[in-house]
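Trainee: Contents of start17.txt (compact mmCIF, C-alpha atoms and all ligand atoms) are given next:
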```txt
# COMPACT_ATOMS: atom_id res chain seq x y z
CA MET U 16 31.17 -48.02 14.67
CA GLY U 17 28.63 -49.72 16.97
CA GLN U 18 25.00 -48.66 17.35
CA LYS U 19 24.01 -46.06 19.90
CA SER U 20 22.48 -47.78 22.89
CA LEU U 21 18.70 -47.46 23.24
CA PRO U 22 16.98 -45.65 26.13
CA LYS U 23 16.09 -47.89 29.09
CA ILE U 24 12.95 -48.26 31.18
CA TYR U 25 12.21 -50.48 34.19
CA ARG U 26 9.01 -52.46 34.72
CA LYS U 27 7.44 -54.10 37.75
CA SER U 28 6.22 -57.15 35.84
CA LEU U 29 6.65 -58.73 32.44
CA LEU U 30 4.62 -61.91 31.86
CA TYR U 31 0.85 -61.64 31.54
CA LYS U 32 -1.97 -64.01 30.61
CA SER U 33 -2.84 -63.39 26.98
CA GLY U 34 -6.39 -64.70 26.66
CA VAL U 35 -5.71 -65.97 23.11
CA GLU U 36 -5.71 -69.59 22.09
CA TYR U 37 -2.32 -69.67 20.29
CA ALA U 38 -0.15 -68.66 23.31
CA ASP U 39 -1.29 -68.61 26.93
CA PHE U 40 1.06 -65.80 28.04
CA GLY U 41 2.58 -62.73 26.42
CA LEU U 42 5.41 -60.33 27.15
CA ASN U 43 6.60 -56.98 25.77
CA HIS U 44 10.24 -56.31 26.64
CA ILE U 45 10.46 -53.17 24.49
CA GLU U 46 8.30 -50.07 24.39
CA GLY U 47 7.86 -48.65 20.90
CA CYS U 48 8.92 -50.12 17.58
CA VAL U 49 11.34 -48.92 14.96
CA HIS U 50 9.31 -50.44 12.10
CA GLY U 51 6.83 -47.57 12.30
CA CYS U 52 3.92 -49.21 10.46
CA THR U 53 1.35 -46.78 9.14
CA TYR U 54 -1.70 -49.09 8.79
CA PRO U 55 -1.82 -47.66 11.57
CA CYS U 56 -0.17 -49.70 14.36
CA TYR U 57 -2.72 -50.59 17.04
CA ALA U 58 -0.09 -50.77 19.80
CA MET U 59 1.06 -47.24 18.98
CA MET U 60 -2.50 -45.90 19.06
CA LEU U 61 -3.08 -47.52 22.45
CA LYS U 62 0.15 -46.16 23.98
CA LYS U 63 -0.64 -42.70 22.65
CA ARG U 64 -4.15 -42.82 24.13
CA CYS U 65 -2.71 -43.84 27.52
CA GLY U 66 -0.18 -40.99 27.34
CA GLN U 67 2.78 -43.43 27.40
CA ILE U 68 4.20 -42.03 24.18
CA LYS U 69 3.93 -38.58 22.65
CA ASP U 70 3.79 -39.18 18.91
CA TYR U 71 4.91 -41.33 15.97
CA GLU U 72 8.58 -40.27 16.33
CA ASP U 73 8.50 -41.22 20.00
CA TRP U 74 7.00 -44.64 19.09
CA CYS U 75 9.74 -45.21 16.50
CA THR U 76 12.45 -44.68 19.16
CA PRO U 77 12.16 -47.92 21.14
CA LYS U 78 13.01 -48.18 24.81
CA ILE U 79 14.40 -51.41 26.24
CA VAL U 80 12.97 -52.94 29.42
CA ALA U 81 16.34 -53.16 31.16
CA ASN U 82 15.17 -55.54 33.91
CA ALA U 83 13.33 -57.97 31.57
CA LEU U 84 15.56 -60.98 32.31
CA GLU U 85 15.48 -60.40 36.10
CA LEU U 86 11.70 -60.21 35.94
CA LEU U 87 11.55 -63.47 34.01
CA ASP U 88 13.72 -65.20 36.62
CA LYS U 89 11.20 -64.17 39.25
CA GLU U 90 8.00 -64.75 37.29
CA ILE U 91 8.69 -68.11 35.62
CA PRO U 92 8.64 -70.03 38.96
CA LYS U 93 5.55 -68.05 40.03
CA TYR U 94 3.55 -69.26 37.01
CA LYS U 95 5.02 -72.78 36.96
CA GLY U 96 2.47 -75.32 35.81
CA GLU U 97 0.41 -72.61 34.11
CA ILE U 98 2.64 -71.51 31.23
CA ASN U 99 3.04 -73.55 28.09
CA SER U 100 3.82 -70.82 25.62
CA VAL U 101 4.67 -67.12 25.51
CA TYR U 102 3.89 -64.77 22.62
CA LEU U 103 6.56 -62.25 21.55
CA CYS U 104 5.05 -59.74 21.16
CA PHE U 105 1.53 -58.28 21.12
CA SER U 106 2.64 -54.63 21.52
CA THR U 107 6.04 -54.42 19.86
CA ASP U 108 8.34 -56.44 17.58
CA PRO U 109 11.02 -58.80 18.98
CA PHE U 110 13.34 -58.68 15.93
CA MET U 111 13.58 -55.06 14.90
CA TYR U 112 15.34 -54.56 11.61
CA ARG U 113 19.02 -53.76 12.18
CA LEU U 114 18.56 -53.08 15.89
CA GLU U 115 20.99 -55.55 17.41
CA GLU U 116 20.33 -54.52 21.01
CA VAL U 117 16.66 -55.49 20.70
CA ASN U 118 17.42 -58.69 18.81
CA LYS U 119 20.02 -59.86 21.33
CA LEU U 120 17.67 -59.32 24.24
CA SER U 121 14.88 -61.20 22.43
CA LEU U 122 17.22 -64.16 21.86
CA LYS U 123 18.15 -64.19 25.55
CA ILE U 124 14.48 -64.15 26.50
CA ILE U 125 13.66 -67.05 24.17
CA GLU U 126 16.62 -68.98 25.56
CA ARG U 127 15.48 -68.30 29.14
CA LEU U 128 11.92 -69.46 28.40
CA ASN U 129 13.12 -72.57 26.58
CA ARG U 130 15.39 -73.49 29.50
CA ASP U 131 12.19 -74.06 31.49
CA ASN U 132 10.55 -75.87 28.57
CA ILE U 133 8.31 -72.92 27.79
CA LYS U 134 7.68 -72.54 24.09
CA SER U 135 7.96 -69.09 22.50
CA VAL U 136 5.75 -67.97 19.62
CA THR U 137 7.28 -65.06 17.71
CA ILE U 138 5.89 -62.64 15.17
CA THR U 139 8.10 -60.12 13.40
CA LYS U 140 8.53 -57.80 10.46
CA GLY U 141 12.27 -58.13 11.03
CA ILE U 142 14.68 -61.03 10.51
CA HIS U 143 14.79 -64.20 12.58
CA SER U 144 18.40 -64.73 13.60
CA LYS U 145 20.45 -67.71 12.40
CA GLU U 146 21.31 -68.30 16.05
CA LEU U 147 17.87 -69.86 16.54
CA LEU U 148 19.18 -72.89 14.66
CA ASP U 149 21.29 -73.72 17.72
CA TYR U 150 19.22 -76.47 19.31
CA LYS U 151 21.40 -76.62 22.41
CA ARG U 152 20.50 -73.06 23.37
CA TYR U 153 16.96 -72.89 22.05
CA GLY U 154 14.32 -75.57 22.04
CA GLU U 155 12.96 -77.19 18.92
CA ASN U 156 9.34 -76.42 19.77
CA ASN U 157 9.23 -72.67 19.23
CA GLU U 158 6.94 -71.29 16.54
CA TYR U 159 8.53 -68.59 14.40
CA GLY U 160 6.29 -66.23 12.47
CA ILE U 161 6.47 -63.24 10.15
CA THR U 162 3.90 -60.81 8.86
CA ALA U 163 3.55 -61.12 5.08
CA VAL U 164 0.60 -59.20 3.65
CA SER U 165 2.29 -58.10 0.44
CA LEU U 166 5.35 -58.93 -1.66
CA SER U 167 5.42 -55.42 -3.07
CA LYS U 168 8.14 -52.87 -2.31
CA ASP U 169 5.58 -50.08 -2.82
CA PHE U 170 3.41 -51.58 -0.10
CA HIS U 171 6.43 -51.96 2.18
CA ASP U 172 7.55 -48.36 1.67
CA ARG U 173 4.07 -46.99 2.29
CA TYR U 174 2.87 -49.14 5.19
CA GLU U 175 5.86 -50.87 6.85
CA PRO U 176 8.53 -48.28 6.04
CA PHE U 177 11.36 -49.26 8.41
CA SER U 178 10.79 -53.02 8.59
CA ALA U 179 12.87 -55.68 6.83
CA PRO U 180 12.23 -56.10 3.09
CA ILE U 181 9.65 -58.85 2.69
CA ARG U 182 11.92 -61.20 0.70
CA GLU U 183 14.57 -61.05 3.45
CA ARG U 184 11.93 -61.83 6.08
CA ILE U 185 10.71 -64.84 4.10
CA LYS U 186 14.25 -66.08 3.41
CA ALA U 187 15.11 -66.07 7.12
CA LEU U 188 11.87 -67.89 7.94
CA LYS U 189 12.52 -70.50 5.26
CA ARG U 190 15.95 -71.14 6.78
CA LEU U 191 14.25 -72.07 10.06
CA HIS U 192 11.68 -74.21 8.24
CA ASP U 193 14.41 -76.04 6.30
CA ALA U 194 16.08 -76.87 9.62
CA GLY U 195 12.87 -78.61 10.75
CA LEU U 196 11.51 -75.81 12.96
CA LYS U 197 7.87 -74.71 13.05
CA THR U 198 7.03 -71.58 11.06
CA TRP U 199 3.94 -69.52 10.38
CA VAL U 200 2.80 -66.42 8.52
CA SER U 201 0.37 -63.70 9.51
CA MET U 202 -1.46 -62.16 6.54
CA GLU U 203 -2.94 -59.42 8.66
CA PRO U 204 -3.86 -56.62 8.10
CA TYR U 205 -4.74 -57.78 4.58
CA PRO U 206 -5.60 -54.75 2.35
CA THR U 207 -8.75 -54.30 0.27
CA PRO U 208 -7.98 -53.41 -3.40
CA ASN U 209 -8.65 -49.68 -2.86
CA ILE U 210 -5.81 -49.69 -0.30
CA PHE U 211 -3.50 -51.92 -2.31
CA ALA U 212 -4.39 -54.06 -5.32
CA GLN U 213 -2.37 -57.26 -5.55
CA ASN U 214 -2.48 -60.95 -6.32
CA ILE U 215 -3.10 -62.87 -3.08
CA TYR U 216 -2.29 -66.23 -4.70
CA GLU U 217 1.26 -65.10 -5.43
CA ILE U 218 1.77 -64.39 -1.70
CA LEU U 219 0.19 -67.67 -0.65
CA GLU U 220 2.40 -69.64 -3.05
CA THR U 221 5.53 -67.84 -1.82
CA VAL U 222 4.88 -68.69 1.83
CA SER U 223 3.38 -72.14 1.24
CA PHE U 224 6.27 -73.87 3.05
CA VAL U 225 4.96 -72.74 6.47
CA ASP U 226 3.02 -74.82 8.99
CA LYS U 227 0.30 -72.24 9.58
CA ILE U 228 -1.25 -69.20 7.88
CA VAL U 229 -3.32 -66.61 9.74
CA PHE U 230 -5.54 -64.34 7.62
CA GLY U 231 -7.18 -61.15 8.93
CA LYS U 232 -8.74 -57.96 7.68
CA TRP U 233 -7.33 -54.45 7.65
CA ASN U 234 -8.26 -52.67 10.90
CA TYR U 235 -8.49 -49.22 12.50
CA ASN U 236 -8.68 -47.36 9.23
CA GLY U 237 -11.82 -46.02 7.52
CA LEU U 238 -10.31 -46.90 4.14
CA ILE U 239 -11.72 -50.42 4.11
CA SER U 240 -15.29 -49.30 4.69
CA SER U 241 -14.97 -46.84 1.80
CA PHE U 242 -14.53 -49.95 -0.33
CA LYS U 243 -18.20 -50.80 -0.88
CA ASP U 244 -17.84 -54.56 -1.10
CA TYR U 245 -15.30 -55.12 1.66
CA LYS U 246 -17.41 -57.66 3.55
CA SER U 247 -17.77 -59.82 0.46
CA PHE U 248 -14.10 -59.33 -0.33
CA TYR U 249 -13.00 -60.71 3.05
CA ASN U 250 -15.57 -63.50 2.96
CA TYR U 251 -14.43 -64.60 -0.47
CA PHE U 252 -10.72 -64.47 0.31
CA SER U 253 -11.11 -66.13 3.70
CA ASN U 254 -12.57 -69.05 1.78
CA GLU U 255 -9.75 -68.95 -0.74
CA VAL U 256 -7.11 -68.97 2.01
CA ILE U 257 -8.85 -71.88 3.76
CA ASP U 258 -9.08 -73.77 0.49
CA PHE U 259 -5.42 -73.11 -0.38
CA CYS U 260 -4.26 -74.30 3.06
CA GLN U 261 -6.43 -77.38 3.12
CA LYS U 262 -5.08 -78.53 -0.24
CA ARG U 263 -1.51 -78.19 1.02
CA ASN U 264 -2.01 -79.48 4.53
CA ILE U 265 -1.24 -76.11 6.13
CA ASN U 266 -3.03 -75.13 9.34
CA VAL U 267 -5.21 -72.08 8.85
CA HIS U 268 -6.72 -69.53 11.19
CA ILE U 269 -9.08 -66.76 10.09
CA LYS U 270 -8.99 -63.89 12.59
CA GLU U 271 -12.19 -63.03 14.38
CA GLY U 272 -14.23 -60.34 12.60
CA THR U 273 -12.79 -61.12 9.15
CA ILE U 274 -15.70 -63.29 8.02
CA ASP U 275 -19.07 -61.52 8.05
CA LEU U 276 -21.65 -64.25 8.56
CA GLU U 277 -24.66 -62.10 7.69
CA GLU U 278 -23.20 -61.02 4.38
CA TYR U 279 -22.09 -64.58 3.75
CA ALA U 280 -25.62 -65.88 4.15
CA SER U 281 -27.23 -63.14 2.08
CA ARG U 282 -25.25 -63.13 -1.18
CA SER U 283 -24.55 -65.39 -4.08
CA PRO U 284 -20.89 -66.37 -4.34
CA ALA U 285 -18.62 -63.54 -5.46
CA LYS U 286 -16.66 -63.85 -8.66
CA TYR U 287 -13.12 -62.60 -8.93
CA SER U 288 -10.40 -62.89 -11.49
CA VAL U 289 -6.69 -62.16 -11.45
CA ARG U 290 -5.00 -60.45 -14.42
CA ASP U 291 -1.46 -59.12 -14.71
CA GLY U 292 -0.99 -59.25 -10.97
CA ASP U 293 -3.95 -56.92 -10.38
CA LEU U 294 -6.96 -58.13 -8.60
CA LEU U 295 -10.20 -57.48 -10.41
CA PHE U 296 -13.20 -57.56 -8.24
CA LYS U 297 -16.71 -58.28 -9.47
CA PHE U 298 -19.91 -59.75 -8.15
CA ALA U 299 -22.43 -62.07 -9.67
CA TYR U 300 -25.74 -60.67 -8.48
S1 LIG V 401 5.93 -54.06 13.53
FE1 LIG V 401 4.09 -54.33 14.78
S2 LIG V 401 4.51 -53.20 16.66
FE2 LIG V 401 5.98 -52.51 15.14
S3 LIG V 401 5.06 -50.66 14.26
FE3 LIG V 401 4.53 -52.42 12.97
S4 LIG V 401 2.52 -53.12 13.71
FE4 LIG V 401 3.44 -51.79 15.30
```
So, in terms of structure tokens, how does the structure I just supplied come out?
Mentor:
Amino acid sequence: MGQKSLPKIYRKSLLYKSGVEYADFGLNHIEGCVHGCTYPCYAMMLKKRCGQIKDYEDWCTPKIVANALELLDKEIPKYKGEINSVYLCFSTDPFMYRLEEVNKLSLKIIERLNRDNIKSVTITKGIHSKELLDYKRYGENNEYGITAVSLSKDFHDRYEPFSAPIRERIKALKRLHDAGLKTWVSMEPYPTPNIFAQNIYEILETVSFVDKIVFGKWNYNGLISSFKDYKSFYNYFSNEVIDFCQKRNINVHIKEGTIDLEEYASRSPAKYSVRDGDLLFKFAY
């Protein structure tokens, strides 16, 4: 039996200037997200504050922007000469786990952008479709990304409960990489050990095939500041991520606000050790 079709909404516009350096435009062709992350999800908080959604359950029942492709047909010529790349998505996820209706629309949008030589930059906690290997339909310049902040099933079940299992996400990304396409990983929001203790090097090694790694701190949750040494923690591991990437020729980007320059200048280097997959955290004062 097929899936029940998702509710529809109509928008007046779709493309918008993003103001970030890694994609000049963005679009959100879905409202809500079935993955239901509990970090919490910034997009959900924002929509709730604006009164666009009622609660978590409402957020986890995505609505499709039914006129997304018509809007693109109108807006692409309007921005001609200005758009190089479009980010999918800042406020939702383009490849929702086991939601074919969302995934099909996202593929059509990527195809439409690529037809006008506009690169798409994706980020998902779902699965990148095999169809993206079809160079005739999709360009070869897209950048495909996944979020990978933990390899643990416990972490997944607690914080990304309805997203794709992390190993499936990585496998699908590796398939694109092996076909010569550009791939990247977002390690954001990276947890402090009081939120989730884990071995960061194991994650880095597992995703070391990618072209770029983005590292960023855990946000919008008082839990990190209850971890006394969180500034040092992020300073130390930002350095470790940079070091790891430089040694393997991987591009690296540390998200704004992750490195605390004051703390960095004021302390002696932190000492850490890794034992049995747990991260032990100590300082040399
Ligand atoms: S996948 Fe992204 S948009 Fe979806 S709930 Fe998680 S953080 Fe929010």
Trainee: For Pro109 of chain U, which residue among U:Leu219, U:Ile124, U:Ile257, U:Val164 is the nearest when counting all atoms listed in the file?
Mentor: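 Result for the nearest residue to Pro109 of chain U: U:Ile124.
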Trainee: Looking at U:Leu61, U:Met111, U:Ile91, U:Leu147, which one is nearest to Arg130 of chain U, with distances taken over all atoms listed in the file?
Mentor: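 Using all atoms listed in the file, the shortest distance to Arg130 of chain U belongs to U:Ile91.
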Trainee: So, counting all atoms listed in the file, which residue among U:Gln261, U:Ser135, U:Asn236, U:Thr273 is closest to Thr53 of chain U?
Mentor: U:Asn236
Trainee: Which residue out of U:Phe170, U:Tyr216, U:Tyr153, U:Trp74 has the minimum interatomic distance to Leu196 of chain U when all atoms listed in the file are used?
Mentor: U:Tyr153
Trainee: Between U:Gly154, U:Gly34, U:Pro180, U:Pro55, single out the one closest to ligand LIG 401 (chain V), counting all atoms listed in the file.
Mentor: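 Nearest to ligand LIG 401 (chain V): U:Pro55.
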Trainee: Which residues are close to Ile98 of chain U, i.e. within 12 Å by only C-alpha atoms, leaving aside same-chain residues fewer than 6 positions away? Reply as a list in words.
Mentor: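 Once the nearby chain positions are removed, what remains is Leu30, Tyr31, Lys32, Ser33, Ala38, Asp39, Phe40, Gly41, Glu90, Ile91, Pro92, Leu128, Asn129, Asp131, Asn132, Ile133, Lys134 and Ser135 of chain U.
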